[in-house]
file my_file_24.cif (mmCIF, C-alpha atoms)
data_run
#
loop_
_atom_site.label_atom_id
_atom_site.label_comp_id
_atom_site.auth_asym_id
_atom_site.auth_seq_id
_atom_site.Cartn_x
_atom_site.Cartn_y
_atom_site.Cartn_z
CA GLN A 17 12.94 19.08 7.04
CA ALA A 18 9.57 17.37 7.30
CA LEU A 19 6.75 16.61 4.91
CA THR A 20 3.80 18.50 6.43
CA TRP A 21 1.20 17.97 3.68
CA VAL A 22 0.87 15.39 0.91
CA ASP A 23 -1.13 17.26 -1.73
CA PRO A 24 0.26 19.67 -2.61
CA VAL A 25 3.60 18.37 -1.37
CA THR A 26 4.75 20.73 1.38
CA VAL A 27 8.18 20.26 2.93
CA GLU A 28 9.01 22.61 5.78
CA ASN A 29 11.99 23.31 7.99
CA VAL A 30 11.41 22.09 11.53
CA ASN A 31 12.87 23.54 14.70
CA THR A 32 13.55 20.33 16.63
CA GLY A 33 14.85 22.19 19.66
CA HIS A 34 11.42 23.52 20.61
CA GLY A 35 9.19 20.96 18.88
CA ARG A 36 7.53 23.63 16.74
CA ARG A 37 7.22 23.71 12.99
CA LEU A 38 8.47 26.79 11.20
CA THR A 39 5.60 27.58 8.84
CA SER A 40 6.31 29.37 5.62
CA LYS A 41 4.19 32.40 4.77
CA ASN A 42 3.02 30.72 1.55
CA GLU A 43 1.68 27.59 3.30
CA LYS A 44 -1.45 29.33 4.57
CA ASN A 45 -2.36 30.41 1.03
CA LYS A 46 -1.95 26.99 -0.60
CA ARG A 47 -5.04 25.13 -1.70
CA LYS A 48 -4.94 21.74 0.02
CA SER A 49 -6.65 18.46 -0.71
CA HIS A 50 -8.03 16.03 1.87
CA VAL A 51 -4.89 13.85 1.67
CA HIS A 52 -3.12 14.02 5.04
CA GLY A 53 0.29 12.57 5.84
CA THR A 54 0.15 9.98 8.60
CA ASN A 55 3.72 10.05 9.83
CA ALA A 56 6.81 11.94 8.87
CA PHE A 57 8.92 8.83 8.29
CA MET A 58 9.27 7.76 4.67
CA VAL A 59 11.28 4.89 3.16
CA PRO A 60 13.23 4.74 -0.12
CA PHE A 61 11.15 3.26 -2.95
CA GLY A 62 11.65 2.22 -6.56
CA LYS A 63 14.28 0.33 -8.48
CA ASN A 64 16.89 3.03 -7.91
CA GLU A 65 15.27 4.47 -4.76
CA GLU A 66 14.39 7.62 -6.71
CA GLU A 67 11.19 8.03 -4.71
CA LEU A 68 10.19 8.05 -1.03
CA LEU A 69 7.23 5.94 0.10
CA GLY A 70 4.88 7.29 2.72
CA MET A 71 1.47 6.64 4.25
CA ALA A 72 -1.43 9.04 3.84
CA HIS A 73 -4.87 9.08 5.43
CA PHE A 74 -8.25 10.60 4.72
CA HIS A 75 -10.89 11.59 7.28
CA ARG A 76 -14.23 10.02 6.43
CA PRO A 77 -16.33 12.09 6.25
CA ASN A 78 -13.91 14.85 5.19
CA ASP A 79 -14.54 17.13 8.18
CA ARG A 80 -13.93 16.62 11.89
CA ASN A 81 -17.58 16.97 12.91
CA PRO A 82 -19.38 14.22 14.86
CA ASN A 83 -20.51 11.48 12.50
CA GLU A 84 -22.41 8.22 12.41
CA TYR A 85 -19.26 6.12 11.96
CA ALA A 86 -17.24 7.00 15.02
CA ARG A 87 -18.65 8.66 18.13
CA VAL A 88 -15.16 9.40 19.39
CA GLY A 89 -12.23 9.87 17.03
CA HIS A 90 -12.49 9.54 13.27
CA HIS A 91 -13.06 6.98 10.60
CA TYR A 92 -9.91 6.93 8.44
CA THR A 93 -8.99 5.37 5.14
CA HIS A 94 -5.38 5.07 4.04
CA ALA A 95 -3.33 5.29 0.87
CA PHE A 96 0.31 4.84 -0.03
CA PHE A 97 2.02 7.70 -1.80
CA THR A 98 5.46 8.48 -3.15
CA ILE A 99 7.26 11.76 -3.63
CA SER A 100 10.47 12.48 -5.50
CA ALA A 101 13.46 11.69 -3.28
CA GLN A 102 15.29 14.91 -4.14
CA PRO A 103 14.16 18.54 -4.28
CA PRO A 104 12.08 19.89 -5.79
CA PHE A 105 9.67 17.46 -4.13
CA HIS A 106 6.63 16.38 -6.14
CA LEU A 107 3.84 13.87 -5.57
CA LYS A 108 4.61 10.95 -7.91
CA ARG A 109 2.08 8.23 -6.99
CA LEU A 110 -1.04 7.84 -4.89
CA SER A 111 -2.68 4.44 -4.36
CA ALA A 112 -6.37 3.71 -4.00
CA GLU A 113 -7.76 4.18 -0.49
CA PHE A 114 -7.83 1.07 1.69
CA LEU A 115 -8.54 -0.30 5.17
CA LEU A 116 -6.70 -3.06 6.98
CA GLN A 117 -8.44 -6.31 7.82
CA SER A 118 -9.67 -6.59 11.40
CA HIS A 119 -7.77 -8.99 13.68
CA HIS A 120 -11.05 -9.77 15.49
CA GLN A 121 -13.41 -9.97 12.50
CA PRO A 122 -11.45 -10.97 9.38
CA ASP A 123 -14.30 -10.06 7.00
CA ASP A 124 -14.44 -6.48 8.29
CA ALA A 125 -12.29 -3.54 9.43
CA GLU A 126 -12.31 -1.53 12.64
CA ILE A 127 -14.15 1.80 12.58
CA ILE A 128 -11.02 3.57 13.79
CA GLN A 129 -7.64 2.40 12.56
CA PHE A 130 -4.69 4.70 12.07
CA ILE A 131 -1.48 3.52 10.40
CA SER A 132 1.42 5.22 12.16
CA GLY A 133 4.43 3.04 11.40
CA LEU A 134 6.07 2.18 8.08
CA GLU A 135 9.34 0.30 7.53
CA TYR A 136 11.02 -2.21 5.23
CA HIS A 137 12.67 -5.33 6.66
CA ASP A 138 14.03 -8.27 4.63
CA ASP A 139 12.18 -7.01 1.56
CA ASN A 140 8.85 -6.90 3.41
CA LEU A 141 6.78 -3.86 4.28
CA ILE A 142 6.04 -3.59 8.01
CA LEU A 143 3.03 -1.52 9.07
CA ALA A 144 2.03 -0.60 12.62
CA TRP A 145 -1.37 0.89 13.49
CA GLY A 146 -3.71 1.84 16.26
CA ILE A 147 -7.14 0.22 16.58
CA ASN A 148 -10.13 2.12 18.00
CA ASP A 149 -7.74 4.38 19.94
CA CYS A 150 -7.18 1.60 22.51
CA GLU A 151 -4.93 -1.14 21.10
CA GLY A 152 -2.14 -1.59 18.59
CA ALA A 153 -1.24 -4.05 15.87
CA SER A 154 1.39 -4.66 13.24
CA GLY A 155 1.61 -6.65 10.06
CA GLN A 156 4.15 -7.75 7.50
CA TYR A 157 3.39 -7.54 3.78
CA ALA A 158 5.35 -8.50 0.66
CA ARG A 159 7.20 -5.52 -0.83
CA VAL A 160 6.17 -4.25 -4.24
CA GLY A 161 8.13 -1.77 -6.38
#

call {"tool": "encode", "arguments": {"input": "my_file_24.cif", "output": "structure tokens"}}
result
Amino acid sequence: QALTWVDPVTVENVNTGHGRRLTSKNEKNKRKSHVHGTNAFMVPFGKNEEELLGMAHFHRPNDRNPNEYARVGHHYTHAFFTISAQPPFHLKRLSAEFLLQSHHQPDDAEIIQFISGLEYHDDNLILAWGINDCEGASGQYARVG
């Protein structure tokens, strides 16, 4: 199974043999927000690991039309979210939107950054992301929760 949409939480069966998602008939009729899941990998979260932590992103502006922020690609903001660890899956938490600090200009952020990796190691949160669709970075942050 894979989380295919954050809000509303949509978990679908995936046919890994052919790399295609098996879409339920109801998915097309669901009203969806602008909260997109960034990657399918989620990590246990909470005191008793009763939730799964994931990374979401928002397109800014909300559509995929050309915009003043990014001539190629999209301007993204990110948010952490959690869902219940067991079915039925429900959205439990959603953080405020954020950007990561630029490695090149510490008082700013890149126009295009896309967080695609999320892991815990030695009680720290590890994030990996792409920058302007041409380089990568990673960072280690103190775990909360």

call {"tool": "resolve_selection", "arguments": {"input": "my_file_24.cif", "expression": "the PyMOL selection byres ((chain A and resi 23) around 8)", "output": "PyMOL selection string"}}
result
chain A and resi 21-22+24-26+48-52+107

call {"tool": "atom_distance", "arguments": {"input": "my_file_24.cif", "atom1": "atom CA of A:Ala72", "atom2": "atom CA of A:Thr20"}}
result
11.1 Å

call {"tool": "resolve_selection", "arguments": {"input": "my_file_24.cif", "expression": "the PyMOL selection byres ((chain A and resi 59) around 9)", "output": "tab-separated table (two decimals) with C-alpha atoms, in the coordinates of the input"}}
result
chain	number	residue	atom	x	y	z
A	57	PHE	CA	8.92	8.83	8.29
A	58	MET	CA	9.27	7.76	4.67
A	60	PRO	CA	13.23	4.74	-0.12
A	61	PHE	CA	11.15	3.26	-2.95
A	65	GLU	CA	15.27	4.47	-4.76
A	67	GLU	CA	11.19	8.03	-4.71
A	68	LEU	CA	10.19	8.05	-1.03
A	69	LEU	CA	7.23	5.94	0.10
A	70	GLY	CA	4.88	7.29	2.72
A	134	LEU	CA	6.07	2.18	8.08
A	135	GLU	CA	9.34	0.30	7.53
A	136	TYR	CA	11.02	-2.21	5.23

call {"tool": "closest_residue", "arguments": {"input": "my_file_24.cif", "among": "A:Ile99, A:Ile127, A:Met71, A:Ala153", "to": "A:Glu113", "atoms": "all atoms listed in the file"}}
result
A:Met71

call {"tool": "residues_around", "arguments": {"input": "my_file_24.cif", "residues": "A:Ile147", "least_positions_apart": "3", "cutoff": "6 Å", "atoms": "all atoms listed in the file", "output": "number ranges by chain"}}
result
A: 128-129, 151-152

call {"tool": "write_last_selection", "arguments": {"input": "my_file_24.cif", "atoms": "C-alpha atoms", "output": "PDB file, in the coordinates of the input"}}
result
ATOM      1  CA  ILE A 128     -11.020   3.570  13.790  1.00  0.00           C
ATOM      2  CA  GLN A 129      -7.640   2.400  12.560  1.00  0.00           C
ATOM      3  CA  GLU A 151      -4.930  -1.140  21.100  1.00  0.00           C
ATOM      4  CA  GLY A 152      -2.140  -1.590  18.590  1.00  0.00           C
TER       5      GLY A 152
END

call {"tool": "atom_distance", "arguments": {"input": "my_file_24.cif", "atom1": "atom CA of A:Leu116", "atom2": "atom CA of A:His94"}}
result
8.7 Å

call {"tool": "resolve_selection", "arguments": {"input": "my_file_24.cif", "expression": "the PyMOL selection byres ((chain A and resi 131) around 7)", "output": "CSV table (one decimal) with C-alpha atoms, keeping the file's coordinate frame"}}
result
chain,number,residue,atom,x,y,z
A,54,THR,CA,0.2,10.0,8.6
A,129,GLN,CA,-7.6,2.4,12.6
A,130,PHE,CA,-4.7,4.7,12.1
A,132,SER,CA,1.4,5.2,12.2
A,133,GLY,CA,4.4,3.0,11.4
A,143,LEU,CA,3.0,-1.5,9.1
A,144,ALA,CA,2.0,-0.6,12.6
A,145,TRP,CA,-1.4,0.9,13.5
A,146,GLY,CA,-3.7,1.8,16.3

call {"tool": "atom_distance", "arguments": {"input": "my_file_24.cif", "atom1": "atom CA of A:Leu19", "atom2": "atom CA of A:Ser154"}}
result
23.5 Å

call {"tool": "closest_residue", "arguments": {"input": "my_file_24.cif", "among": "A:Gly53, A:Gly155, A:Pro122, A:Pro103", "to": "A:Phe74", "atoms": "all atoms listed in the file"}}
result
A:Gly53

call {"tool": "closest_residue", "arguments": {"input": "my_file_24.cif", "among": "A:Ala125, A:Ala158, A:Cys150, A:Leu141", "to": "A:Thr93", "atoms": "all atoms listed in the file"}}
result
A:Ala125

call {"tool": "closest_residue", "arguments": {"input": "my_file_24.cif", "among": "A:His137, A:Tyr157, A:Glu66, A:Asn148", "to": "A:His106", "atoms": "all atoms listed in the file"}}
result
A:Glu66

call {"tool": "closest_residue", "arguments": {"input": "my_file_24.cif", "among": "A:Tyr92, A:Phe97, A:Asn78, A:Asp124", "to": "A:Ser111", "atoms": "only C-alpha atoms"}}
result
A:Phe97

call {"tool": "closest_residue", "arguments": {"input": "my_file_24.cif", "among": "A:Leu115, A:Ala101, A:Phe96, A:Glu126", "to": "A:Gly62", "atoms": "all atoms listed in the file"}}
result
A:Ala101
